[in-house]
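Q: Just one file: model-v7.cif, with mmCIF, C-alpha atoms and all ligand atoms.
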data_target
#
loop_
_atom_site.label_atom_id
_atom_site.label_comp_id
_atom_site.auth_asym_id
_atom_site.auth_seq_id
_atom_site.Cartn_x
_atom_site.Cartn_y
_atom_site.Cartn_z
CA MET A 56 0.00 0.00 0.00
CA ALA A 57 2.80 2.44 0.91
CA ALA A 58 4.53 1.90 -2.44
CA GLU A 59 1.27 2.15 -4.39
CA ILE A 60 0.18 5.37 -2.67
CA GLY A 61 3.68 6.84 -2.92
CA LYS A 62 3.53 6.36 -6.68
CA SER A 63 -0.06 7.47 -7.30
CA LEU A 64 0.24 10.66 -5.24
CA ARG A 65 3.46 11.63 -7.02
CA ALA A 66 1.75 11.49 -10.45
CA PRO A 67 1.08 14.78 -12.33
CA LEU A 68 -2.63 14.34 -11.57
CA PRO A 69 -2.36 12.78 -8.11
CA TRP A 70 -4.79 9.98 -7.41
CA ILE A 71 -5.66 7.33 -4.81
CA PRO A 72 -6.86 3.86 -5.90
CA SER A 73 -10.59 3.46 -5.14
CA LYS A 74 -10.13 0.17 -3.33
CA TYR A 75 -8.86 2.17 -0.33
CA PHE A 76 -12.37 3.54 0.22
CA TYR A 77 -13.44 0.25 1.72
CA ASP A 78 -12.05 0.09 5.24
CA ASP A 79 -14.66 -0.80 7.88
CA ARG A 80 -16.01 2.74 8.08
CA GLY A 81 -15.99 3.24 4.30
CA SER A 82 -17.79 -0.06 3.75
CA VAL A 83 -20.59 1.07 6.08
CA LEU A 84 -20.78 4.46 4.35
CA PHE A 85 -21.06 2.74 0.96
CA GLU A 86 -23.89 0.55 2.31
CA GLU A 87 -25.70 3.73 3.34
CA ILE A 88 -25.11 5.26 -0.10
CA THR A 89 -26.90 2.29 -1.70
CA ARG A 90 -30.08 3.31 0.15
CA LEU A 91 -30.00 7.00 -0.89
CA PRO A 92 -32.91 8.23 -3.03
CA GLU A 93 -30.45 9.69 -5.59
CA TYR A 94 -28.39 6.49 -5.86
CA TYR A 95 -30.63 4.55 -8.27
CA GLN A 96 -28.02 1.86 -9.11
CA THR A 97 -28.46 -0.66 -6.31
CA ARG A 98 -32.23 -0.83 -6.20
CA THR A 99 -32.48 -0.88 -9.98
CA GLU A 100 -29.98 -3.71 -10.27
CA GLU A 101 -31.70 -5.73 -7.54
CA ALA A 102 -35.14 -5.42 -9.16
CA LEU A 103 -33.66 -6.33 -12.52
CA LEU A 104 -31.89 -9.35 -11.05
CA GLU A 105 -35.15 -10.55 -9.47
CA ALA A 106 -36.76 -10.34 -12.89
CA VAL A 107 -34.06 -12.15 -14.86
CA ALA A 108 -32.54 -14.63 -12.39
CA GLU A 109 -34.25 -17.58 -14.02
CA PRO A 110 -33.14 -17.07 -17.64
CA ILE A 111 -29.62 -16.34 -16.35
CA LEU A 112 -29.42 -19.59 -14.42
CA ALA A 113 -31.06 -21.51 -17.27
CA ALA A 114 -28.38 -20.18 -19.64
CA GLY A 115 -25.38 -21.22 -17.55
CA ARG A 116 -26.76 -24.12 -15.49
CA PRO A 117 -24.16 -23.42 -12.76
CA ARG A 118 -23.55 -25.38 -9.58
CA GLU A 119 -21.20 -22.77 -8.18
CA LEU A 120 -21.50 -18.99 -7.79
CA VAL A 121 -18.38 -16.81 -7.44
CA GLU A 122 -18.88 -13.14 -6.66
CA LEU A 123 -16.20 -10.47 -7.08
CA GLY A 124 -16.49 -7.53 -4.65
CA SER A 125 -19.35 -9.22 -2.82
CA GLY A 126 -19.80 -6.60 -0.07
CA THR A 127 -22.67 -7.54 2.22
CA GLY A 128 -23.68 -10.39 -0.12
CA ARG A 129 -27.30 -9.28 -0.43
CA LYS A 130 -27.73 -9.48 -4.21
CA ILE A 131 -26.34 -12.97 -4.51
CA ARG A 132 -29.20 -14.27 -2.35
CA ILE A 133 -31.58 -13.77 -5.24
CA LEU A 134 -29.55 -16.27 -7.30
CA LEU A 135 -28.88 -18.59 -4.36
CA ASP A 136 -32.64 -18.85 -3.76
CA SER A 137 -33.40 -19.78 -7.37
CA LEU A 138 -30.49 -22.17 -7.61
CA GLN A 139 -31.54 -23.90 -4.42
CA LYS A 140 -35.10 -24.31 -5.75
CA MET A 141 -33.63 -25.90 -8.87
CA GLY A 142 -31.71 -28.29 -6.61
CA ARG A 143 -28.39 -27.27 -8.20
CA LEU A 144 -26.73 -25.20 -5.48
CA GLN A 145 -23.41 -26.75 -4.45
CA SER A 146 -20.89 -24.07 -3.61
CA CYS A 147 -20.31 -20.37 -3.43
CA VAL A 148 -17.16 -18.25 -3.22
CA LEU A 149 -17.18 -14.61 -2.13
CA LEU A 150 -14.21 -12.40 -2.92
CA ASP A 151 -13.89 -9.01 -1.23
CA ILE A 152 -11.21 -6.55 -0.17
CA ASN A 153 -12.68 -5.99 3.32
CA GLU A 154 -12.07 -8.92 5.65
CA LEU A 155 -14.69 -7.98 8.26
CA VAL A 156 -17.47 -7.54 5.70
CA LEU A 157 -16.35 -10.74 3.95
CA ASN A 158 -16.36 -12.91 7.08
CA GLN A 159 -19.75 -11.58 8.15
CA SER A 160 -21.37 -12.26 4.79
CA VAL A 161 -19.86 -15.76 4.48
CA GLN A 162 -21.16 -16.62 7.96
CA ARG A 163 -24.64 -15.25 7.28
CA LEU A 164 -24.96 -16.97 3.93
CA GLN A 165 -23.63 -20.27 5.27
CA ALA A 166 -26.29 -20.15 8.00
CA ALA A 167 -29.04 -19.34 5.49
CA TYR A 168 -28.01 -22.07 2.99
CA PRO A 169 -26.58 -24.85 5.19
CA GLN A 170 -26.48 -27.48 2.46
CA ALA A 171 -24.11 -25.45 0.27
CA ASP A 172 -20.41 -24.92 0.83
CA PHE A 173 -19.33 -21.27 1.30
CA ARG A 174 -15.82 -19.88 1.11
CA GLY A 175 -14.45 -16.36 1.47
CA VAL A 176 -11.36 -15.03 -0.31
CA ARG A 177 -9.94 -11.72 0.85
CA ALA A 178 -8.58 -10.29 -2.37
CA ASP A 179 -8.49 -7.44 -4.82
CA PHE A 180 -10.48 -8.23 -7.97
CA VAL A 181 -7.99 -6.31 -10.10
CA ASP A 182 -4.77 -8.03 -9.05
CA ASP A 183 -5.68 -11.34 -7.43
CA LEU A 184 -7.95 -13.14 -9.86
CA GLU A 185 -5.49 -16.02 -10.41
CA CYS A 186 -6.55 -17.47 -7.06
CA LEU A 187 -9.79 -18.64 -8.69
CA ASN A 188 -8.93 -21.90 -10.40
CA PRO A 189 -11.46 -22.89 -13.06
CA ARG A 190 -13.63 -25.84 -12.03
CA GLY A 191 -16.52 -25.69 -14.48
CA ALA A 192 -20.27 -25.19 -13.94
CA ARG A 193 -19.42 -21.78 -12.52
CA LEU A 194 -21.32 -18.50 -12.75
CA LEU A 195 -19.03 -15.56 -12.06
CA LEU A 196 -20.73 -12.41 -10.73
CA PHE A 197 -19.61 -8.81 -10.69
CA PHE A 198 -22.44 -6.55 -9.55
CA GLY A 199 -22.92 -2.92 -8.68
CA GLY A 200 -21.44 -1.38 -11.80
CA THR A 201 -18.06 -1.80 -10.11
CA VAL A 202 -16.52 -2.65 -13.49
CA GLY A 203 -16.95 1.12 -13.99
CA ASN A 204 -14.15 1.74 -11.48
CA LEU A 205 -11.66 0.37 -14.00
CA HIS A 206 -10.25 2.73 -16.58
CA PRO A 207 -11.81 1.66 -19.93
CA ARG A 208 -8.34 0.78 -21.22
CA ASP A 209 -7.89 -1.71 -18.36
CA VAL A 210 -11.24 -3.44 -18.89
CA PRO A 211 -10.16 -5.90 -21.64
CA GLY A 212 -7.23 -7.09 -19.48
CA PHE A 213 -9.55 -7.54 -16.53
CA PHE A 214 -11.98 -9.59 -18.62
CA ARG A 215 -9.14 -11.70 -20.01
CA ARG A 216 -7.94 -12.52 -16.48
CA ALA A 217 -11.50 -13.18 -15.31
CA SER A 218 -12.04 -15.54 -18.26
CA HIS A 219 -9.23 -17.73 -16.91
CA ALA A 220 -11.41 -18.50 -13.88
CA LEU A 221 -13.92 -20.05 -16.27
CA VAL A 222 -14.04 -23.02 -18.65
CA PRO A 223 -15.61 -22.68 -22.11
CA GLY A 224 -19.39 -22.57 -21.70
CA ASP A 225 -19.29 -21.02 -18.20
CA THR A 226 -21.11 -17.70 -17.74
CA PHE A 227 -20.23 -14.31 -16.24
CA LEU A 228 -22.87 -11.79 -15.15
CA VAL A 229 -21.74 -8.16 -15.02
CA GLY A 230 -23.73 -5.18 -13.69
CA VAL A 231 -23.21 -2.09 -15.81
CA ASP A 232 -24.32 1.46 -15.09
CA LEU A 233 -25.57 3.08 -18.28
CA VAL A 234 -24.95 6.44 -19.92
CA LYS A 235 -27.82 8.80 -19.09
CA ASP A 236 -28.49 12.49 -18.59
CA ARG A 237 -25.92 14.45 -16.67
CA ALA A 238 -28.28 15.70 -13.95
CA ARG A 239 -29.32 12.20 -12.94
CA LEU A 240 -25.72 10.97 -12.88
CA GLU A 241 -24.32 13.93 -11.00
CA ALA A 242 -27.11 13.79 -8.39
CA ALA A 243 -26.17 10.17 -7.62
CA TYR A 244 -22.66 11.30 -6.65
CA ASN A 245 -23.61 14.60 -4.99
CA ASP A 246 -26.42 13.46 -2.71
CA SER A 247 -28.21 16.04 -0.60
CA ALA A 248 -27.47 14.14 2.64
CA GLY A 249 -23.75 14.54 2.00
CA LEU A 250 -23.00 10.83 2.39
CA THR A 251 -20.95 10.56 -0.78
CA ALA A 252 -18.85 13.50 0.40
CA ARG A 253 -18.17 11.68 3.69
CA PHE A 254 -17.39 8.47 1.80
CA ASN A 255 -14.94 10.35 -0.41
CA LEU A 256 -13.21 12.17 2.46
CA ASN A 257 -12.95 8.94 4.45
CA ILE A 258 -10.24 7.74 2.05
CA LEU A 259 -7.93 10.37 3.59
CA ARG A 260 -8.66 8.98 7.03
CA VAL A 261 -7.66 5.54 5.71
CA LEU A 262 -4.28 6.98 4.65
CA ASN A 263 -3.94 8.68 8.03
CA GLU A 264 -4.58 5.41 9.85
CA LYS A 265 -2.67 2.99 7.63
CA LEU A 266 0.25 5.15 6.54
CA CYS A 267 0.51 7.60 9.47
CA ALA A 268 -0.39 10.44 7.10
CA ASP A 269 -1.56 13.76 8.50
CA PHE A 270 -4.35 14.82 6.11
CA ASP A 271 -6.66 17.39 7.71
CA LEU A 272 -10.06 16.24 6.39
CA ALA A 273 -11.52 19.71 6.93
CA ALA A 274 -9.01 21.12 4.45
CA PHE A 275 -10.55 19.18 1.53
CA GLU A 276 -13.88 19.22 -0.25
CA HIS A 277 -15.76 16.58 -2.22
CA VAL A 278 -15.99 17.06 -5.99
CA ALA A 279 -17.92 14.79 -8.38
CA PHE A 280 -18.75 15.59 -11.99
CA TYR A 281 -19.71 13.81 -15.20
CA ASP A 282 -17.19 13.95 -18.02
CA VAL A 283 -19.35 13.46 -21.14
CA GLU A 284 -16.39 12.92 -23.45
CA ASN A 285 -15.06 9.99 -21.43
CA ALA A 286 -18.52 8.91 -20.22
CA TRP A 287 -17.36 8.71 -16.65
CA ILE A 288 -18.10 10.20 -13.27
CA GLU A 289 -14.96 11.42 -11.65
CA MET A 290 -14.62 11.98 -7.92
CA ARG A 291 -11.90 14.17 -6.55
CA LEU A 292 -10.85 15.82 -3.31
CA ARG A 293 -10.00 19.49 -3.66
CA ALA A 294 -7.75 21.42 -1.27
CA ARG A 295 -9.78 24.28 0.23
CA ARG A 296 -6.56 26.03 1.27
CA PRO A 297 -2.84 25.54 0.81
CA SER A 298 -1.85 22.51 2.81
CA ARG A 299 1.14 20.46 3.56
CA VAL A 300 0.72 16.72 4.02
CA ARG A 301 3.25 14.22 5.29
CA ILE A 302 2.90 10.51 4.60
CA PRO A 303 5.89 9.01 6.42
CA LEU A 304 5.29 5.38 5.45
CA ALA A 305 5.17 6.35 1.78
CA GLY A 306 8.24 8.58 2.17
CA LEU A 307 6.19 11.47 0.87
CA SER A 308 5.73 15.12 1.72
CA LEU A 309 3.16 16.97 -0.41
CA GLN A 310 2.68 20.68 -0.77
CA LEU A 311 -0.85 21.23 -2.14
CA GLU A 312 -1.84 24.69 -3.25
CA ARG A 313 -5.42 25.87 -2.84
CA GLY A 314 -7.68 24.23 -5.46
CA LYS A 315 -5.30 21.31 -6.07
CA GLU A 316 -7.21 18.08 -6.68
CA ILE A 317 -6.63 14.41 -5.96
CA ARG A 318 -8.61 11.94 -8.06
CA THR A 319 -10.21 9.20 -5.97
CA GLU A 320 -12.61 7.42 -8.32
CA LEU A 321 -13.66 6.87 -11.91
CA SER A 322 -17.11 5.42 -12.40
CA CYS A 323 -17.49 4.71 -16.10
CA LYS A 324 -20.90 4.61 -17.73
CA TYR A 325 -21.49 2.37 -20.72
CA THR A 326 -23.88 1.73 -23.58
CA ARG A 327 -24.42 -1.73 -24.98
CA GLU A 328 -22.08 -0.79 -27.84
CA SER A 329 -19.28 0.71 -25.77
CA PHE A 330 -19.42 -2.21 -23.34
CA THR A 331 -19.36 -4.83 -26.11
CA GLY A 332 -16.36 -3.04 -27.58
CA ARG A 333 -14.37 -3.83 -24.41
CA LEU A 334 -14.95 -7.60 -24.83
CA GLU A 335 -12.97 -8.12 -28.02
CA ALA A 336 -10.31 -10.85 -27.74
CA THR A 337 -11.04 -11.47 -24.06
CA GLY A 338 -12.39 -15.02 -24.32
CA LEU A 339 -15.83 -13.70 -23.39
CA ARG A 340 -18.75 -12.75 -25.61
CA LEU A 341 -22.00 -10.99 -24.88
CA GLU A 342 -24.90 -13.44 -24.84
CA ARG A 343 -27.78 -11.44 -23.31
CA TRP A 344 -28.22 -7.79 -22.33
CA PHE A 345 -30.94 -7.14 -19.77
CA THR A 346 -32.05 -3.66 -18.70
CA ASP A 347 -34.74 -2.12 -16.50
CA PRO A 348 -37.64 -0.33 -18.28
CA GLU A 349 -36.00 3.10 -17.81
CA GLU A 350 -32.67 1.78 -19.15
CA LEU A 351 -30.76 3.08 -16.15
CA PHE A 352 -28.74 -0.07 -15.54
CA ALA A 353 -27.87 -3.28 -17.38
CA LEU A 354 -26.98 -6.85 -16.54
CA ALA A 355 -24.68 -8.26 -19.21
CA LEU A 356 -24.57 -12.02 -19.44
CA LEU A 357 -21.24 -13.11 -20.92
CA ARG A 358 -20.23 -16.58 -22.07
CA ARG A 359 -16.71 -18.01 -21.97
CA THR A 360 -15.66 -18.98 -25.49
CA GLU A 361 -13.03 -21.48 -26.63
CA GLU A 362 -10.75 -18.56 -27.47
CA GLY A 363 -7.56 -18.09 -25.44
CA ARG A 364 -7.93 -21.45 -23.82
CA TRP A 365 -4.31 -22.48 -24.06
CA ARG A 366 -2.78 -19.15 -23.12
C1 LIG A 401 -19.57 0.45 -5.96
C2 LIG A 401 -17.93 1.32 -7.37
C3 LIG A 401 -20.10 0.92 -8.21
O1 LIG A 401 -19.01 3.83 -8.67
O2 LIG A 401 -21.07 4.12 -8.13
C4 LIG A 401 -20.75 5.18 -4.89
C5 LIG A 401 -19.01 3.42 -5.63
N1 LIG A 401 -18.79 5.89 -5.34
N2 LIG A 401 -20.73 6.50 -4.73
C6 LIG A 401 -19.96 3.65 -7.91
C7 LIG A 401 -19.51 4.79 -5.29
C8 LIG A 401 -19.55 6.94 -4.99
C9 LIG A 401 -19.81 2.75 -6.68
N3 LIG A 401 -19.34 1.39 -7.05
#
Is it possible to express this structure as structure tokens?
A:
Amino acid sequence: MAAEIGKSLRAPLPWIPSKYFYDDRGSVLFEEITRLPEYYQTRTEEALLEAVAEPILAAGRPRELVELGSGTGRKIRILLDSLQKMGRLQSCVLLDINELVLNQSVQRLQAAYPQADFRGVRADFVDDLECLNPRGARLLLFFGGTVGNLHPRDVPGFFRRASHALVPGDTFLVGVDLVKDRARLEAAYNDSAGLTARFNLNILRVLNEKLCADFDLAAFEHVAFYDVENAWIEMRLRARRPSRVRIPLAGLSLQLERGKEIRTELSCKYTRESFTGRLEATGLRLERWFTDPEELFALALLRRTEEGRWR
């Protein structure tokens, strides 16, 4: 972490990887964000998943579910319920960056579905996908539009690595937040309760705690805007006044002038076309594209092809 932060904060446009949002406090704040009136993503995706769980399971006929960035593990219950009714539920693997959240959700799910075998893997879905050996009859899950946190140029590489956790014929369900009008998008990241601002600022507290940094949270403000050209929401932290920050464990001393910004998150929005464009030569192809009636959010069902099998 020290090396990673040292490098990212020294860049011309300083940034902090979004995974550092999710310490125990940040994970709770994100949970609260999912219930905000402005944050349409979570409830839209859940309703959509309820509606399409059956065709998805019929397409892949999985016996195992593997979820990347599982969080509280609420959405996966919809699929676990259907799979159990079909008498096909055997095992389930949750992968998350936060150990506390991970252990709690594995325990809860194991208690709710005692006949299945649950396992938790504390890992980063960007760097640690090799730990998922392909076994077959697997449905890989990546909800929440979290694929949007990857820079579009890094998405094909991510899909290629994810495809190695699958055998040809296996399926991969990806939640995708869709391009829509600016006002709706910006409201979702500038909520009137100020929760997203607290979530954003909390990342500085994480650096204070983990790297003995001395960020003064009051010296920064939350910024979130939609960049139409790139089709992404960008979150930043802007220095309200000149400030000096020391991060001893990263060997870093920063002098930030007033107005200087640190990027903390990209949240890319896709269309069916732009998303499909990221799948080329990844060993995955789009099989079904499900959306809610308002076309706010999509669930993309991908199928592992024969391509790239021997790589
Ligand atoms: C969980 C990464 C999908 O990008 O919308 C919520 C995180 N950031 N509000 C998103 C988030 C600000 C969220 N993802």
Q: Which polymer residues, whether protein, DNA or RNA, lie within 12 Å of the coordinate (-33.1, -6.4, -22.5) when you count all atoms listed in the file? List them as a PDB file with C-alpha atoms, in the frame of the given file, using the chain letters and numbers from the file.
A:
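Output file result.pdb follows:
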ATOM      1  CA  LEU A 103     -33.660  -6.330 -12.520  1.00  0.00           C
ATOM      2  CA  LEU A 104     -31.890  -9.350 -11.050  1.00  0.00           C
ATOM      3  CA  ALA A 106     -36.760 -10.340 -12.890  1.00  0.00           C
ATOM      4  CA  VAL A 107     -34.060 -12.150 -14.860  1.00  0.00           C
ATOM      5  CA  PRO A 110     -33.140 -17.070 -17.640  1.00  0.00           C
ATOM      6  CA  ARG A 327     -24.420  -1.730 -24.980  1.00  0.00           C
ATOM      7  CA  GLU A 342     -24.900 -13.440 -24.840  1.00  0.00           C
ATOM      8  CA  ARG A 343     -27.780 -11.440 -23.310  1.00  0.00           C
ATOM      9  CA  TRP A 344     -28.220  -7.790 -22.330  1.00  0.00           C
ATOM     10  CA  PHE A 345     -30.940  -7.140 -19.770  1.00  0.00           C
ATOM     11  CA  THR A 346     -32.050  -3.660 -18.700  1.00  0.00           C
ATOM     12  CA  ASP A 347     -34.740  -2.120 -16.500  1.00  0.00           C
ATOM     13  CA  PRO A 348     -37.640  -0.330 -18.280  1.00  0.00           C
ATOM     14  CA  GLU A 349     -36.000   3.100 -17.810  1.00  0.00           C
ATOM     15  CA  GLU A 350     -32.670   1.780 -19.150  1.00  0.00           C
ATOM     16  CA  LEU A 351     -30.760   3.080 -16.150  1.00  0.00           C
ATOM     17  CA  PHE A 352     -28.740  -0.070 -15.540  1.00  0.00           C
ATOM     18  CA  ALA A 353     -27.870  -3.280 -17.380  1.00  0.00           C
ATOM     19  CA  LEU A 354     -26.980  -6.850 -16.540  1.00  0.00           C
ATOM     20  CA  ALA A 355     -24.680  -8.260 -19.210  1.00  0.00           C
ATOM     21  CA  LEU A 356     -24.570 -12.020 -19.440  1.00  0.00           C
TER      22      LEU A 356
END
Q: Restricting the calculation to all atoms listed in the file, which member of A:Leu196, A:Ala279, A:Ile317, A:Leu309 is positioned closest to A:Leu292?
A: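 Answer, going by the shortest atom-to-atom distance: A:Ile317.
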Q: Given the choices A:Val202, A:Ala58, A:Ala305, A:Leu233, which gets closest to ligand LIG 401 (chain A) if the distance is worked out from all atoms listed in the file?
A: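 Closest to ligand LIG 401 (chain A) of all the choices is A:Val202.
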Q: A:Gly338, A:Pro67, A:Pro297, A:Gly203: which is nearest A:Ser322, counting only C-alpha atoms?
A: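 Ranked by minimum distance to A:Ser322, first place goes to A:Gly203.
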Q: If we count all atoms listed in the file and set the cut-off at 9 Å, which residues sit around stretch 249-257 of chain A, ignoring sequence neighbours fewer than 5 positions away in its own chain? Please answer as JSON, numbers by chain.
A: {"A": [76, 78, 80, 81, 82, 84, 85, 87, 88, 91, 243, 244, 262, 272, 273, 275, 276, 277, 278, 279, 290, 291, 292, 319, 320]}
Q: Could you give me, as a PyMOL selection string, the residues that have an atom at most 8 Å away from the point (-11.3, -7.8, -2.1) in the coordinates of the file, using only C-alpha atoms?
A: chain A and resi 123-124+150-154+176-180
Q: For the selection you just gave me, I'd like the residues written to a file as an mmCIF file, in the coordinates of the input, keeping C-alpha atoms.
A:
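Generated output (selection-v8.cif):
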data_model
loop_
_atom_site.group_PDB
_atom_site.id
_atom_site.type_symbol
_atom_site.label_atom_id
_atom_site.label_comp_id
_atom_site.auth_asym_id
_atom_site.auth_seq_id
_atom_site.Cartn_x
_atom_site.Cartn_y
_atom_site.Cartn_z
ATOM 1 C CA LEU A 123 -16.200 -10.470 -7.080
ATOM 2 C CA GLY A 124 -16.490 -7.530 -4.650
ATOM 3 C CA LEU A 150 -14.210 -12.400 -2.920
ATOM 4 C CA ASP A 151 -13.890 -9.010 -1.230
ATOM 5 C CA ILE A 152 -11.210 -6.550 -0.170
ATOM 6 C CA ASN A 153 -12.680 -5.990 3.320
ATOM 7 C CA GLU A 154 -12.070 -8.920 5.650
ATOM 8 C CA VAL A 176 -11.360 -15.030 -0.310
ATOM 9 C CA ARG A 177 -9.940 -11.720 0.850
ATOM 10 C CA ALA A 178 -8.580 -10.290 -2.370
ATOM 11 C CA ASP A 179 -8.490 -7.440 -4.820
ATOM 12 C CA PHE A 180 -10.480 -8.230 -7.970
#
Q: In Å, with one decimal, what is the gap from atom CA of A:Gly115 to atom CA of A:Arg132?
A: 17.1 Å
Q: Mind pulling up the distance from atom CA of A:Gln145 to atom CA of A:Glu119?
A: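 Atom CA of A:Gln145 lies 5.9 Å from atom CA of A:Glu119.
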Q: Work out how far apart atom CA of A:His219 and atom CA of A:Leu341 are and give it in Å to one decimal.
A: 16.5 Å
Q: Go through A:Arg174, A:Ala114, A:Arg193, A:Arg318 and flag the residue nearest A:Ala66, using only C-alpha atoms for the distances.
A: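 With only C-alpha atoms as the atom set, the closest residue is A:Arg318.
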Q: Identify which of the residues A:Ala286, A:Leu138, A:Val229, A:Ile131 lies closest to A:Arg340, counting only C-alpha atoms when measuring atom-to-atom distances.
A: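 Smallest distance to A:Arg340 is found for A:Val229.
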Q: From the list A:Val210, A:Ala171, A:Ala113, A:Val161, which residue is nearest A:Gln139 when using only C-alpha atoms?
A: A:Ala171
Q: Box for stretch 67-85 of chain A - axis-aligned, 5 Å on each of the six sides, all listed atoms - centre and size in Å to one decimal, as JSON.
A:
{"center_x": -10.0, "center_y": 7.0, "center_z": -2.1, "size_x": 32.1, "size_y": 25.6, "size_z": 30.4}
